Amino acid sequence: MRIKAMVSAIVMASVLFTTAWIDVVHASTPYEAYNYNYWEEAVASPAAFVPSRTVGGSDLGIEPFLEPNDMVIAPSGNIYVADTGNKRIVVIRPDWTLERIIDSVEGIGSFGTVSGLYVDEDETLYIADSGLGKLIVLTKNGSVKLIIDNPQSDIIAAGFKFTPTKVAVDDAKRMYVVASGVFEGIMQFDTDGEFLGYIGTNEVKRDYYEIIWRLLSTKEQRSQMVLFIPTEFSNLDIDHKGFVYATNIDLNSPTPIKRLNPSGEDVLKRFGYFHVKGDIRFRASVGPSIFIDIKYLGDGIYSALDSNQGRIFTYDAEGNLLFIYGMHANQNGTFKTPVAVEYDGVNQLVLDRAKANIHVFMPTMFGELVLEASRLHYNGYSEEAVPVWQQVLDLNSNYDIAYIGIGRSLVMSKRNEEAIFYFKQGMERDQYSVAYKRYRREEMKEQFGTIMTTIVIAAVMIIGLMIWRKVRSKRQGRTATYSAGRDQAL
Amino acid sequence: MKQELISFPFQVIFKPFSSFWDLKYDNKGSMKASYLLIAFTIIAFILQKQYAGFLVNYTDPRAINSIMDIITVVIPFVLWVVANWSITTLMDGEGKFTEIVKVTAYSLTPIVIVYIPMTFISRYMAQEETAFYYLMLSIASLWFVWLLFVGIMTIHQYTVMKTIVTMVLTIIVMGIIVFLGALVLSMLQQIYDFIYNIYRELLFRT
């Protein structure tokens, strides 16, 4: 009896302690991670990123941030925060210690409203100051390299007020500037600050309802109506090829994210199940995703920040939605007014204007695997991606992109029958068709002998049967005359 | 008799004019065959949803419901027959109710004989060949409409124009019947609620 009690006590204790231990290790998220399946339903998914820490001004030993507006990570790893309310730029080292504070520029004085930042490989800092209406370029040691405050060109209207809000720079040091009140697109400047032109105009779409309404209204009414003007871009980033990823706040547009080539055409690949537009299902009262920042993570992968619901959507090079995380709330790791998303190669950082801090999100095993597999796939190592996709499927068996990824690799290695299974799991019809056609041809080749034999035997049998029936009917016709009479009657 | 059960539908689809004439005046075709054809149509739709090839099957497997398939065939069928009978009675049609049932059911033959084989052929199709699948399905549907048209024209002894008008009117009447049905149902619901509320009120008062 006593032994029994002791054993049960030990068992109970072990169960108790192990569960407690699991709870400690198990990283929970304040938000529910999900993704969309083929049927456009939001289904639960493992979180790809979990909050790891939150850093504010006081953690760095300085005055807290006040309404920071932008954040950028330099190739060196330094984090630049546009602390707009305090009229300063805070530079943080990768180990979260303060590097320096930039609060004034020689020849200009203090900043107005710093709304956009960019840093290139030479640690040259590009500051879009919408308050001063200037684009300031500072070298690494803090001296002014260039100031653009009044771009001149034939295509810029007289009296144009330059209000840069966001900036990005490509490898050739061309500057791409989103300026408020500019509907022609993104302003492009060369190294010397010469205005080159606009790229990537957002098109104006008029729906039929508006056209009919306009036809029916009088001139006075028409003059009172809202003008059809293209929407402005909200933010931008540059990828390694020098293509511009830009977001715009065009509600209900299927293309709020664009990838602009040097001539300004949208070349974003959209081969996923649905539009690259963030949430595809949302309550009418909540509205669609509104993208206010975008970050290129390398290898065709990009993350876009939705300010409407505080979510970060990450897509791969082909426009597949990889994962979604984040939400509006008050807990740690949730946002109030997220304004910028960054990526330091491992973690994702989100700057929150209202909470005045930086949220650091670290990837989970799931997130790491998905990113790794996408990178391998993008670089053409689809065979190497297979074991990684398999691991992803172990963690989330609803992950369609993994099935498709495995299927593609199988097709390449001519294992068509298995590929068919994976494409079917991933609901990928085009690829399925390719694999199926090959499989069918192989089977036909293999079974050719059997098929032909069957056909020949069947033909012989049918012919034989016909001859036999003819012979029999002749014989019957000779013996029974009344049946011939019946035949004539019919 | 047995043979006619199978051969007459085939006769109908290839020679609709003379066959429907026979149906009306030679009392060919049977109600039994009509019910069977409706059953086969339902089976064809169910099979199509369940077994059509992956490339042409956009049905969510979780949404497959055979009861719904039965309803989506039987309800329009009954509505069509009732509506057509109502209209043609007013418009000097010579067809009897059973004839309308038979004609409509026999017109479904092409759907049965095209859908069921195509469902199984579609499993061995690649993307480019699916066009053929859709072509065959469209042909079956058009064929069905053609047979229905000829059948209605023959059994009511109408002209072409009058048949078209009747068919359009029949569809409108089907809508009206559905509307009235919904109206009656919602009224009954209201009455039930009303009585139930009174009952509850009395229950709580005492």
# chains A, B, ... in the order shown; residues from 1 in each chain; ligands from 1
>>> interface_residues(of="chain B", to="chain A", cutoff="7 Å", atoms="only C-alpha atoms", output="VMD selection string")
chain B and resid 55 126 to 127
>>> write_last_selection(atoms="C-alpha atoms", output="PDB file, in the first residue's frame")
ATOM      1  CA  LEU B  55      -7.421  19.799 -62.384  1.00  0.00           C
ATOM      2  CA  ALA B 126      -3.599  17.332 -68.166  1.00  0.00           C
ATOM      3  CA  GLN B 127      -4.254  21.069 -67.987  1.00  0.00           C
TER       4      GLN B 127
END
>>> residues_around(residues="B:Ile152", least_positions_apart="4", cutoff="9 Å", atoms="only C-alpha atoms", output="PyMOL selection string")
chain B and resi 20+84+95+100+103-104+147-148+156-158+163+166-167
>>> residues_around(residues="stretch 28-34 of chain B", least_positions_apart="2", cutoff="10 Å", atoms="only C-alpha atoms", output="VMD selection string")
chain B and resid 1 4 to 9 12 19 to 26 36 to 40 98 to 99 101 to 109
>>> atom_distance(atom1="atom CA of A:Met187", atom2="atom CA of A:Tyr80")
23.0 Å
>>> residues_around(residues="stretch 281-283 of chain A", least_positions_apart="6", cutoff="8 Å", atoms="only C-alpha atoms", output="PyMOL selection string")
chain A and resi 40-42
>>> write_last_selection(atoms="N, CA and C atoms", output="tab-separated table (two decimals), in the first residue's frame")
chain	number	residue	atom	x	y	z
A	40	GLU	N	-8.91	30.25	-48.85
A	40	GLU	CA	-8.96	31.62	-48.34
A	40	GLU	C	-9.51	31.69	-46.92
A	41	GLU	N	-9.24	30.66	-46.15
A	41	GLU	CA	-9.64	30.69	-44.75
A	41	GLU	C	-8.39	30.94	-43.92
A	42	ALA	N	-8.57	31.71	-42.86
A	42	ALA	CA	-7.45	31.92	-41.95
A	42	ALA	C	-7.34	30.70	-41.06
>>> closest_residue(among="A:Tyr399, A:Tyr325, A:Phe421, A:Phe162", to="A:Gln348", atoms="only C-alpha atoms")
A:Tyr325
>>> select_by_dssp(residues="chain B", states="alpha helix (DSSP H)", output="ChimeraX atom specification")
/B:2-14,16-25,31-51,66-90,97-107,109-121,130-156,160-205
>>> residues_around(residues="A:Ser263", least_positions_apart="5", cutoff="12 Å", atoms="only C-alpha atoms", output="PyMOL selection string")
chain A and resi 185-186+188+196-201+242-244
>>> write_last_selection(atoms="N, CA and C atoms", output="compact mmCIF listing (two decimals), in the first residue's frame")
# COMPACT_ATOMS: atom_id res chain seq x y z
N GLY A 185 4.64 59.92 -58.45
CA GLY A 185 5.42 58.72 -58.18
C GLY A 185 6.53 59.01 -57.18
N ILE A 186 7.55 58.17 -57.25
CA ILE A 186 8.69 58.33 -56.36
C ILE A 186 9.70 59.23 -57.05
N GLN A 188 13.28 60.62 -57.98
CA GLN A 188 14.57 59.97 -58.11
C GLN A 188 15.65 61.03 -58.29
N LEU A 196 16.15 63.40 -61.27
CA LEU A 196 16.18 62.59 -62.48
C LEU A 196 14.78 62.37 -63.06
N GLY A 197 13.81 62.30 -62.20
CA GLY A 197 12.45 62.07 -62.69
C GLY A 197 11.65 61.28 -61.69
N TYR A 198 10.41 60.99 -62.08
CA TYR A 198 9.54 60.20 -61.22
C TYR A 198 9.52 58.76 -61.70
N ILE A 199 9.39 57.83 -60.79
CA ILE A 199 9.17 56.45 -61.23
C ILE A 199 7.94 55.88 -60.51
N GLY A 200 7.28 54.98 -61.22
CA GLY A 200 6.21 54.19 -60.60
C GLY A 200 5.00 54.96 -60.16
N THR A 201 4.36 55.61 -61.10
CA THR A 201 3.13 56.31 -60.76
C THR A 201 2.03 55.32 -60.40
N GLY A 242 18.65 46.53 -56.96
CA GLY A 242 18.37 47.92 -57.21
C GLY A 242 16.93 48.18 -57.59
N PHE A 243 16.06 47.20 -57.36
CA PHE A 243 14.64 47.39 -57.62
C PHE A 243 14.00 47.98 -56.37
N VAL A 244 13.00 48.80 -56.57
CA VAL A 244 12.38 49.50 -55.45
C VAL A 244 11.12 48.76 -55.02
>>> select_by_dssp(residues="stretch 195-255 of chain A", states="strand (DSSP E)", output="list in words")
Phe195, Leu196, Gly197, Tyr198, Ile199, Phe233, Ser234, Asn235, Leu236, Asp237, Ile238, Val244, Tyr245, Ala246, Thr247 and Asn248 of chain A
>>> residues_around(residues="A:Glu106", least_positions_apart="5", cutoff="10 Å", atoms="only C-alpha atoms", output="list in words")
Gly142, Ser143 and Val144 of chain A
>>> atom_distance(atom1="atom CA of A:Asp70", atom2="atom CA of A:Gly116")
5.5 Å
